[in-house]
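Raw contents of protein16.csv, CSV, C-alpha atoms and all ligand atoms:
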chain,number,residue,atom,x,y,z
T,387,MET,CA,-6.9,38.1,-10.9
T,388,GLU,CA,-4.7,37.6,-7.8
T,389,LYS,CA,-2.7,34.4,-7.7
T,390,LEU,CA,-3.4,31.6,-5.2
T,391,SER,CA,-1.2,28.5,-4.7
T,392,ILE,CA,-2.8,25.3,-3.4
T,393,VAL,CA,0.0,22.9,-2.2
T,394,LYS,CA,-0.5,19.3,-1.3
T,395,ILE,CA,1.8,17.0,0.7
T,396,GLY,CA,1.2,13.3,1.1
T,397,GLY,CA,2.1,10.5,3.4
T,398,ASN,CA,5.8,10.0,2.5
T,399,ILE,CA,6.7,13.6,3.3
T,400,ILE,CA,4.6,13.6,6.5
T,401,GLU,CA,6.2,10.4,7.7
T,402,ASP,CA,9.7,11.8,7.6
T,403,ASN,CA,10.3,14.6,10.1
T,404,ALA,CA,13.2,16.1,8.3
T,405,SER,CA,11.4,16.1,4.9
T,406,LEU,CA,8.3,17.6,6.6
T,407,LYS,CA,10.3,20.4,8.3
T,408,ALA,CA,12.2,21.2,5.0
T,409,PHE,CA,8.9,21.3,3.1
T,410,LEU,CA,7.2,23.6,5.7
T,411,LYS,CA,10.1,26.0,5.4
T,412,LEU,CA,9.7,26.2,1.7
T,413,PHE,CA,5.9,26.6,2.1
T,414,ALA,CA,6.4,29.4,4.6
T,415,ASN,CA,8.7,31.2,2.1
T,416,LEU,CA,6.2,30.8,-0.7
T,417,LYS,CA,5.1,34.3,-1.7
T,418,GLY,CA,1.5,35.2,-2.1
T,419,LYS,CA,-1.8,33.7,-0.9
T,420,LYS,CA,-1.7,30.0,-0.3
T,421,ILE,CA,-3.6,27.0,1.0
T,422,LEU,CA,-2.0,23.7,2.3
T,423,VAL,CA,-3.8,20.3,1.9
T,424,HIS,CA,-2.2,17.3,3.6
T,425,GLY,CA,-2.8,13.6,3.5
T,426,GLY,CA,-1.4,11.2,6.0
T,427,GLY,CA,-2.5,7.8,4.7
T,428,LYS,CA,0.6,6.1,5.8
T,429,ARG,CA,0.3,7.3,9.4
T,430,ALA,CA,-3.3,6.2,9.5
T,431,THR,CA,-2.3,2.8,8.3
T,432,HIS,CA,0.4,2.6,11.0
T,433,VAL,CA,-2.0,3.7,13.8
T,434,ALA,CA,-4.8,1.4,12.6
T,435,ALA,CA,-2.3,-1.5,12.6
T,436,LYS,CA,-1.3,-0.7,16.2
T,437,LEU,CA,-5.0,-0.9,17.1
T,438,GLY,CA,-5.4,-4.2,15.2
T,439,ILE,CA,-7.3,-2.7,12.3
T,440,GLU,CA,-6.4,-3.8,8.9
T,441,SER,CA,-6.2,-1.2,6.1
T,442,LYS,CA,-7.6,-1.9,2.6
T,443,MET,CA,-7.1,0.4,-0.4
T,444,VAL,CA,-8.9,0.1,-3.7
T,445,ASN,CA,-8.0,2.4,-6.6
T,446,GLY,CA,-5.9,4.5,-4.2
T,447,ARG,CA,-8.9,5.0,-1.9
T,448,ARG,CA,-9.2,3.6,1.7
T,449,ILE,CA,-12.1,1.3,2.5
T,450,THR,CA,-13.4,3.3,5.5
T,451,ASP,CA,-15.6,1.4,8.0
T,452,ALA,CA,-16.8,3.0,11.2
T,453,GLU,CA,-13.7,2.0,13.2
T,454,THR,CA,-11.4,3.2,10.4
T,455,LEU,CA,-13.3,6.5,10.3
T,456,GLU,CA,-12.5,7.0,14.0
T,457,VAL,CA,-8.8,6.4,13.4
T,458,ILE,CA,-8.6,8.7,10.4
T,459,THR,CA,-10.5,11.5,12.3
T,460,MET,CA,-7.9,11.3,15.1
T,461,VAL,CA,-4.9,11.0,12.8
T,462,TYR,CA,-5.8,13.5,10.0
T,463,GLY,CA,-7.9,16.0,12.0
T,464,GLY,CA,-5.8,15.8,15.1
T,465,LEU,CA,-2.3,14.5,15.1
T,466,VAL,CA,-1.1,15.4,11.6
T,467,ASN,CA,-3.1,18.6,11.1
T,468,LYS,CA,-2.3,20.2,14.5
T,469,ASN,CA,1.4,19.3,14.2
T,470,ILE,CA,1.6,20.9,10.8
T,471,VAL,CA,-0.3,24.0,12.1
T,472,ALA,CA,2.0,24.3,15.1
T,473,GLN,CA,5.1,24.0,13.0
T,474,LEU,CA,3.8,26.7,10.6
T,475,GLN,CA,3.1,29.0,13.5
T,476,SER,CA,6.8,28.6,14.5
T,477,LEU,CA,7.6,29.8,11.0
T,478,GLN,CA,5.4,32.9,11.4
T,479,VAL,CA,2.7,31.5,9.1
T,480,ASP,CA,-0.7,32.2,10.7
T,481,ALA,CA,-2.2,28.8,9.9
T,482,ILE,CA,-5.6,27.5,10.7
T,483,GLY,CA,-6.3,23.8,10.6
T,484,LEU,CA,-9.6,22.7,9.1
T,485,THR,CA,-11.7,19.7,8.1
T,486,GLY,CA,-14.4,20.2,5.5
T,487,ALA,CA,-16.9,20.5,8.4
T,488,ASP,CA,-15.2,23.6,9.7
T,489,ILE,CA,-16.9,26.7,8.4
T,490,ASN,CA,-18.8,24.2,6.2
T,491,SER,CA,-15.8,24.5,3.8
T,492,ILE,CA,-16.1,21.2,2.0
T,493,ALA,CA,-19.4,19.4,1.7
T,494,SER,CA,-19.4,15.9,0.3
T,495,GLU,CA,-21.7,12.9,-0.3
T,496,LYS,CA,-21.1,9.3,0.8
T,497,ARG,CA,-19.9,7.4,-2.2
T,498,PRO,CA,-22.8,5.2,-3.4
T,499,VAL,CA,-22.1,1.4,-3.2
T,500,LYS,CA,-21.4,0.0,-6.7
T,501,GLU,CA,-18.9,-2.8,-7.3
T,502,VAL,CA,-17.0,-1.7,-4.1
T,503,ASP,CA,-18.4,-0.5,-0.8
T,504,PHE,CA,-16.0,2.2,0.3
T,505,GLY,CA,-17.8,2.8,3.5
T,506,PHE,CA,-17.5,6.4,5.0
T,507,VAL,CA,-15.8,7.9,1.9
T,508,GLY,CA,-17.1,11.2,0.6
T,509,ASP,CA,-17.1,12.6,-2.9
T,510,VAL,CA,-16.9,16.4,-2.8
T,511,LYS,CA,-20.0,18.2,-3.8
T,512,LYS,CA,-19.4,21.8,-2.8
T,513,VAL,CA,-16.5,24.0,-1.8
T,514,ALA,CA,-17.4,27.1,0.2
T,515,HIS,CA,-15.0,29.4,-1.7
T,516,LYS,CA,-16.4,32.6,-0.2
T,517,SER,CA,-16.0,31.3,3.4
T,518,ILE,CA,-12.5,30.0,2.7
T,519,ASP,CA,-11.7,33.4,1.2
T,520,LYS,CA,-12.8,35.2,4.4
T,521,LEU,CA,-9.9,33.4,6.2
T,522,ILE,CA,-7.5,34.2,3.4
T,523,GLN,CA,-8.5,37.8,3.3
T,524,ALA,CA,-8.0,37.9,7.1
T,525,ASP,CA,-4.4,36.8,6.4
T,526,PHE,CA,-4.9,33.3,7.7
T,527,THR,CA,-3.4,30.3,5.8
T,528,PRO,CA,-5.9,27.4,5.7
T,529,VAL,CA,-4.5,23.9,6.3
T,530,PHE,CA,-7.0,21.2,5.2
T,531,CYS,CA,-6.9,17.6,6.2
T,532,ALA,CA,-8.5,14.7,4.3
T,533,ILE,CA,-11.9,14.9,6.0
T,534,THR,CA,-15.1,16.3,4.6
T,535,HIS,CA,-18.7,16.1,5.9
T,536,ASP,CA,-22.2,15.5,4.5
T,537,GLY,CA,-24.0,18.4,6.3
T,538,LYS,CA,-26.1,15.9,8.3
T,539,GLY,CA,-23.5,15.3,11.0
T,540,GLN,CA,-21.4,12.7,9.3
T,541,LEU,CA,-17.7,13.1,8.7
T,542,LEU,CA,-16.4,11.4,5.6
T,543,ASN,CA,-12.9,10.3,4.5
T,544,THR,CA,-11.9,12.0,1.2
T,545,ASN,CA,-8.6,11.5,-0.6
T,546,ALA,CA,-6.4,14.5,-0.1
T,547,ASP,CA,-5.5,14.7,-3.8
T,548,THR,CA,-9.2,15.0,-4.6
T,549,ILE,CA,-9.7,17.7,-1.9
T,550,THR,CA,-6.8,19.6,-3.5
T,551,SER,CA,-8.2,19.7,-7.0
T,552,GLN,CA,-11.8,20.5,-5.8
T,553,VAL,CA,-10.7,23.3,-3.5
T,554,ALA,CA,-8.6,24.7,-6.4
T,555,VAL,CA,-11.7,24.5,-8.7
T,556,GLY,CA,-13.8,26.3,-6.1
T,557,MET,CA,-11.1,29.0,-5.4
T,558,SER,CA,-10.8,29.6,-9.2
T,559,GLU,CA,-13.9,31.7,-9.0
T,560,LEU,CA,-11.9,34.2,-7.1
T,561,TYR,CA,-8.2,33.6,-7.9
T,562,GLU,CA,-5.8,32.5,-10.6
T,563,THR,CA,-5.1,29.1,-9.0
T,564,SER,CA,-2.0,26.8,-9.3
T,565,ILE,CA,-1.8,23.3,-7.8
T,566,TYR,CA,1.4,21.8,-6.6
T,567,TYR,CA,1.3,18.1,-5.8
T,568,CYS,CA,4.4,17.6,-3.7
T,569,PHE,CA,5.6,14.0,-3.2
T,570,GLU,CA,8.8,12.2,-2.7
T,571,LEU,CA,9.7,11.7,-6.4
T,572,ASP,CA,10.7,14.3,-9.0
T,573,GLY,CA,7.5,13.9,-10.9
T,574,VAL,CA,5.5,11.4,-12.8
T,575,LEU,CA,7.9,8.7,-14.0
T,576,ARG,CA,7.9,6.8,-17.2
T,577,ASP,CA,9.6,3.9,-15.5
T,578,ILE,CA,8.9,3.7,-11.8
T,579,LYS,CA,12.3,2.0,-11.2
T,580,ASP,CA,14.2,4.9,-12.9
T,581,LYS,CA,13.9,7.9,-10.7
T,582,LYS,CA,15.3,10.1,-13.5
T,583,SER,CA,12.6,9.2,-16.0
T,584,VAL,CA,10.5,12.2,-15.2
T,585,ILE,CA,7.8,13.0,-17.8
T,586,LYS,CA,8.0,16.8,-18.0
T,587,HIS,CA,4.6,17.4,-19.7
T,588,ILE,CA,1.4,15.4,-19.7
T,589,ASP,CA,-1.6,16.3,-21.7
T,590,VAL,CA,-4.9,14.4,-22.0
T,591,THR,CA,-3.7,12.2,-24.9
T,592,LEU,CA,-0.5,11.1,-23.1
T,593,TYR,CA,-2.5,10.6,-19.8
T,594,LYS,CA,-4.8,8.1,-21.5
T,595,GLU,CA,-1.8,6.3,-23.0
T,596,LEU,CA,0.0,6.1,-19.7
T,597,LEU,CA,-3.1,4.9,-18.0
T,598,GLU,CA,-3.6,2.1,-20.6
T,599,GLN,CA,0.1,1.1,-20.3
T,600,GLY,CA,-0.3,0.8,-16.5
T,601,ILE,CA,2.4,3.5,-16.0
T,602,ILE,CA,0.1,5.5,-13.8
T,603,ALA,CA,-1.0,3.3,-10.9
T,604,ASP,CA,-1.6,3.3,-7.1
T,605,GLY,CA,-1.3,6.6,-5.4
T,606,MET,CA,-0.7,8.3,-8.7
T,607,LEU,CA,-4.3,7.5,-9.8
T,608,PRO,CA,-6.2,10.0,-7.6
T,609,LYS,CA,-3.6,12.7,-8.3
T,610,LEU,CA,-4.1,12.6,-12.0
T,611,GLU,CA,-7.7,11.5,-12.1
T,612,ASN,CA,-9.2,14.9,-11.5
T,613,CYS,CA,-6.5,17.1,-13.1
T,614,PHE,CA,-8.1,17.5,-16.5
T,615,ASP,CA,-11.5,18.3,-14.9
T,616,ALA,CA,-9.8,20.8,-12.7
T,617,LEU,CA,-8.1,22.4,-15.7
T,618,ASN,CA,-11.4,22.5,-17.6
T,619,GLN,CA,-13.1,24.1,-14.6
T,620,GLY,CA,-10.7,27.1,-14.4
T,621,VAL,CA,-7.6,25.9,-12.6
T,622,LYS,CA,-4.7,27.6,-14.3
T,623,THR,CA,-1.7,25.3,-13.7
T,624,ILE,CA,-1.0,21.9,-12.2
T,625,ASN,CA,2.5,20.7,-11.2
T,626,MET,CA,3.7,17.4,-9.7
T,627,GLY,CA,7.1,16.8,-8.2
T,628,ASN,CA,9.3,17.1,-5.2
T,629,THR,CA,9.0,19.9,-2.7
T,630,SER,CA,11.8,21.9,-4.4
T,631,MET,CA,9.5,22.8,-7.2
T,632,LEU,CA,8.1,25.5,-4.9
T,633,THR,CA,11.4,27.3,-5.4
T,634,GLN,CA,12.2,29.0,-8.7
T,635,GLU,CA,15.5,27.0,-9.0
T,636,ASN,CA,13.9,23.6,-9.9
T,637,ASP,CA,12.2,23.0,-13.3
T,638,ASN,CA,12.5,19.2,-13.3
T,639,PHE,CA,8.9,18.3,-12.5
T,640,THR,CA,5.8,17.3,-14.3
T,641,ARG,CA,3.4,19.9,-15.7
T,642,ILE,CA,-0.1,18.9,-16.5
T,643,THR,CA,-2.0,20.7,-19.3
T,644,LEU,CA,-5.1,20.1,-21.4
C,701,LIG,N1,4.3,6.7,-13.0
C,701,LIG,C1,4.5,7.0,-11.7
C,701,LIG,N2,5.3,8.0,-11.4
C,701,LIG,C2,5.5,8.3,-10.1
C,701,LIG,N3,4.9,7.7,-9.1
C,701,LIG,C3,4.1,6.7,-9.3
C,701,LIG,C4,3.8,6.3,-10.7
C,701,LIG,N4,2.9,5.3,-10.6
C,701,LIG,C5,2.6,5.1,-9.3
C,701,LIG,N5,3.3,5.9,-8.5
C,701,LIG,C6,3.3,5.9,-7.1
C,701,LIG,O1,2.6,7.0,-6.6
C,701,LIG,C7,3.1,7.3,-5.4
C,701,LIG,C8,2.7,8.7,-5.0
C,701,LIG,O2,1.4,8.7,-4.6
C,701,LIG,P1,1.0,8.6,-3.0
C,701,LIG,O3,1.6,7.4,-2.4
C,701,LIG,O4,-0.4,8.8,-2.9
C,701,LIG,O5,1.8,9.8,-2.5
C,701,LIG,P2,1.5,10.9,-1.5
C,701,LIG,O6,0.7,10.2,-0.4
C,701,LIG,O7,2.9,11.3,-1.0
C,701,LIG,O8,0.8,11.9,-2.2
C,701,LIG,C9,4.6,7.2,-5.6
C,701,LIG,O9,5.3,7.0,-4.4
C,701,LIG,C10,4.7,5.9,-6.5
C,701,LIG,O10,4.9,4.8,-5.7
C,702,LIG,C1,-10.6,8.0,0.8
C,702,LIG,C2,-9.2,8.0,1.0
C,702,LIG,O1,-8.5,7.1,0.5
C,702,LIG,N1,-8.6,8.9,1.8
C,702,LIG,C3,-7.2,9.0,2.1
C,702,LIG,C4,-7.0,10.3,2.8
C,702,LIG,C5,-5.5,10.5,3.2
C,702,LIG,C6,-4.7,10.7,2.0
C,702,LIG,O2,-5.1,11.0,0.9
C,702,LIG,O3,-3.4,10.6,2.3
C,702,LIG,P1,-2.1,10.6,1.3
C,702,LIG,O4,-2.2,11.9,0.5
C,702,LIG,O5,-1.0,10.6,2.2
C,702,LIG,O6,-2.2,9.4,0.4
C,702,LIG,C7,-6.8,7.8,3.0
C,702,LIG,O7,-7.5,7.5,4.0
C,702,LIG,O8,-5.7,7.2,2.7
Will you turn the file into structure tokens for me?
Amino acid sequence: MEKLSIVKIGGNIIEDNASLKAFLKLFANLKGKKILVHGGGKRATHVAAKLGIESKMVNGRRITDAETLEVITMVYGGLVNKNIVAQLQSLQVDAIGLTGADINSIASEKRPVKEVDFGFVGDVKKVAHKSIDKLIQADFTPVFCAITHDGKGQLLNTNADTITSQVAVGMSELYETSIYYCFELDGVLRDIKDKKSVIKHIDVTLYKELLEQGIIADGMLPKLENCFDALNQGVKTINMGNTSMLTQENDNFTRITL
């Protein structure tokens, strides 16, 4: 099977122009077929605040009312996605920016209201791996933002980490897939105050321990939540760390295995 890399960048990298530029260079140099997924939660929070809209997160997910959905559509689907695509074009990567509504690539379902009403937040139901592959086979590089749709005309906010693992699972039908969760730290840390305390390898048993001890929290929750499902559903490798893990020179990052 041919290899496919699915790379995710989040808010902290996107917020810092120099970090974003440096990352996009590494991504452009990454050999083989690839997909980029980006978040932008921090930018959405800033823009919402400017508009007088307060942001609320529960379990690493944004409570998304109708007003917030408008903001995230503009920020993720417009501002962030198109800037990244333009920068990739300047690096000779023929990128195409997508929400899950485009080519019906990621269909989701509005999260049912249980203890928390997340509003317009979608849980991924179907990834159109064959349609996405048409773009890849045509030598385009898909760049997904954190928006999906329900097939009935409703856009839904979906955590970018979750999109990454679900797209990777879908594409595993056709490729040997590797996920790279790039963020500002070197990996999952045993002690959040000690930047050097990178845990090099996490399996299911250690994951449960770390979760119980509260070592995995906040933005780290959605990253790790779906990893083991993804590995069980055919994703070959999952890595978490800073952007330099995309080069062969850095091996100081976290590898997730079953
Ligand atoms: N054990 C941990 N190791 C590393 N980061 C952690 C840990 N627990 C919580 N975090 C938090 O998770 C954040 C990364 O998630 P998130 O903010 O969603 O990043 P991004 O948007 O860049 O993907 C880190 O900045 C850190 O504050
Ligand atoms: C439902 C939900 O929480 N969606 C996320 C999507 C963006 C995201 O995931 O951004 P980062 O990767 O930068 O955190 C949000 O609106 O914050």
Write out as a PDB file with C-alpha atoms, in the coordinates of the input which residues come within 6 Å of segment 450-463 of chain T when counting all atoms listed in the file, dropping same-chain ones fewer than 6 positions away.
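Written out: around_35.pdb:
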ATOM      1  CA  ALA T 430      -3.300   6.200   9.500  1.00  0.00           C
ATOM      2  CA  PHE T 504     -16.000   2.200   0.300  1.00  0.00           C
ATOM      3  CA  GLY T 505     -17.800   2.800   3.500  1.00  0.00           C
ATOM      4  CA  PHE T 506     -17.500   6.400   5.000  1.00  0.00           C
ATOM      5  CA  CYS T 531      -6.900  17.600   6.200  1.00  0.00           C
TER       6      CYS T 531
END
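Distance-wise, atom CA of Ser517 of chain T and atom CA of Thr623 of chain T end up 23.1 Å apart.
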Determine, for each residue of chain T having at least one atom at most 9 Å from an atom of ligand LIG 701 (chain C), the closest pair of atoms and their separation in Å to one decimal, counting all atoms listed in the file; order by chain and ascending number, as CSV.
residue,atom,partner,partner_atom,distance
T:Lys394,CA,C:LIG701,O8,7.6
T:Ile395,CA,C:LIG701,O8,6.0
T:Gly396,CA,C:LIG701,O7,3.4
T:Gly397,CA,C:LIG701,O6,4.1
T:Asn398,CA,C:LIG701,O7,4.7
T:Ile399,CA,C:LIG701,O7,6.2
T:Ile400,CA,C:LIG701,O7,8.0
T:His424,CA,C:LIG701,O8,8.5
T:Gly425,CA,C:LIG701,O6,6.2
T:Gly426,CA,C:LIG701,O6,6.8
T:Gly427,CA,C:LIG701,O6,6.5
T:Lys428,CA,C:LIG701,O6,7.4
T:Gly446,CA,C:LIG701,O4,7.1
T:Asn545,CA,C:LIG701,O4,8.9
T:Ala546,CA,C:LIG701,O8,7.9
T:Asp547,CA,C:LIG701,O8,7.1
T:Tyr567,CA,C:LIG701,O8,7.2
T:Cys568,CA,C:LIG701,O8,6.9
T:Phe569,CA,C:LIG701,O7,4.4
T:Glu570,CA,C:LIG701,O7,6.2
T:Leu571,CA,C:LIG701,C2,6.5
T:Asp572,CA,C:LIG701,C2,8.0
T:Gly573,CA,C:LIG701,C2,6.0
T:Val574,CA,C:LIG701,N2,3.7
T:Leu575,CA,C:LIG701,N2,3.7
T:Arg576,CA,C:LIG701,N1,5.5
T:Asp577,CA,C:LIG701,N1,6.5
T:Ile578,CA,C:LIG701,C1,5.5
T:Lys581,CA,C:LIG701,C2,8.4
T:Ser583,CA,C:LIG701,N2,8.7
T:Val584,CA,C:LIG701,N2,7.7
T:Ile585,CA,C:LIG701,N2,8.5
T:Leu596,CA,C:LIG701,N1,8.0
T:Gly600,CA,C:LIG701,N4,8.1
T:Ile601,CA,C:LIG701,N1,4.8
T:Ile602,CA,C:LIG701,N4,4.3
T:Ala603,CA,C:LIG701,C5,4.3
T:Asp604,CA,C:LIG701,C5,5.1
T:Gly605,CA,C:LIG701,O4,3.4
T:Met606,CA,C:LIG701,O1,4.1
T:Leu607,CA,C:LIG701,C5,7.3
T:Pro608,CA,C:LIG701,O4,7.6
T:Lys609,CA,C:LIG701,O4,7.4
T:Gly627,CA,C:LIG701,C2,8.9
inquiry  = Which residue is closest to Ser391 of chain T? Choose from T:Val621, T:Leu484, T:Ala435, T:Ile492 and count all atoms listed in the file.
reply    =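 Selected residue with least distance to Ser391 of chain T: T:Val621.
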Requested in this report: Identify which of the residues T:Lys579, T:Arg641, T:Arg447, T:Lys411 lies closest to ligand LIG 702 (chain C), counting only C-alpha atoms and all ligand atoms when measuring atom-to-atom distances.
Outcome: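 Ranked by minimum distance to ligand LIG 702 (chain C), first place goes to T:Arg447.
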Expressed in Å, the length from atom CA of Thr550 of chain T to atom CA of Asp402 of chain T is 21.4 Å
Practice task
Would you mind telling me which residue in T:Gln540, T:Thr643, T:Asn628, T:Asn636 lies nearest to Phe614 of chain T when using only C-alpha atoms?
Solution key: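 Under the stated criterion, the closest residue is T:Thr643.
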If you count only C-alpha atoms, the residue of T:Asn543, T:Ala404, T:Gln619, T:Gly418 closest to Arg448 of chain T turns out to be T:Asn543
* For the atom pair atom CA of His535 of chain T and atom CA of Ala493 of chain T, what is the interatomic distance in Å to one decimal place? ->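 Going from atom CA of His535 of chain T over to atom CA of Ala493 of chain T covers 5.4 Å.
Of the residues under consideration (T:Leu474, T:Val423, T:Ala514, T:Val529), T:Val423 shows the shortest atom-to-atom contact distance to ligand LIG 702 (chain C) when counting all atoms listed in the file.
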(message) Env of Leu521 of chain T: 10 Å cut, atoms = all atoms listed in the file, seq-sep filter 6 positions within chain, self excluded. Answer as a list in words.
(response)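 Counting only the stated atoms, we get Ala481, Ile482, Ile489, Thr527 and Pro528 of chain T.
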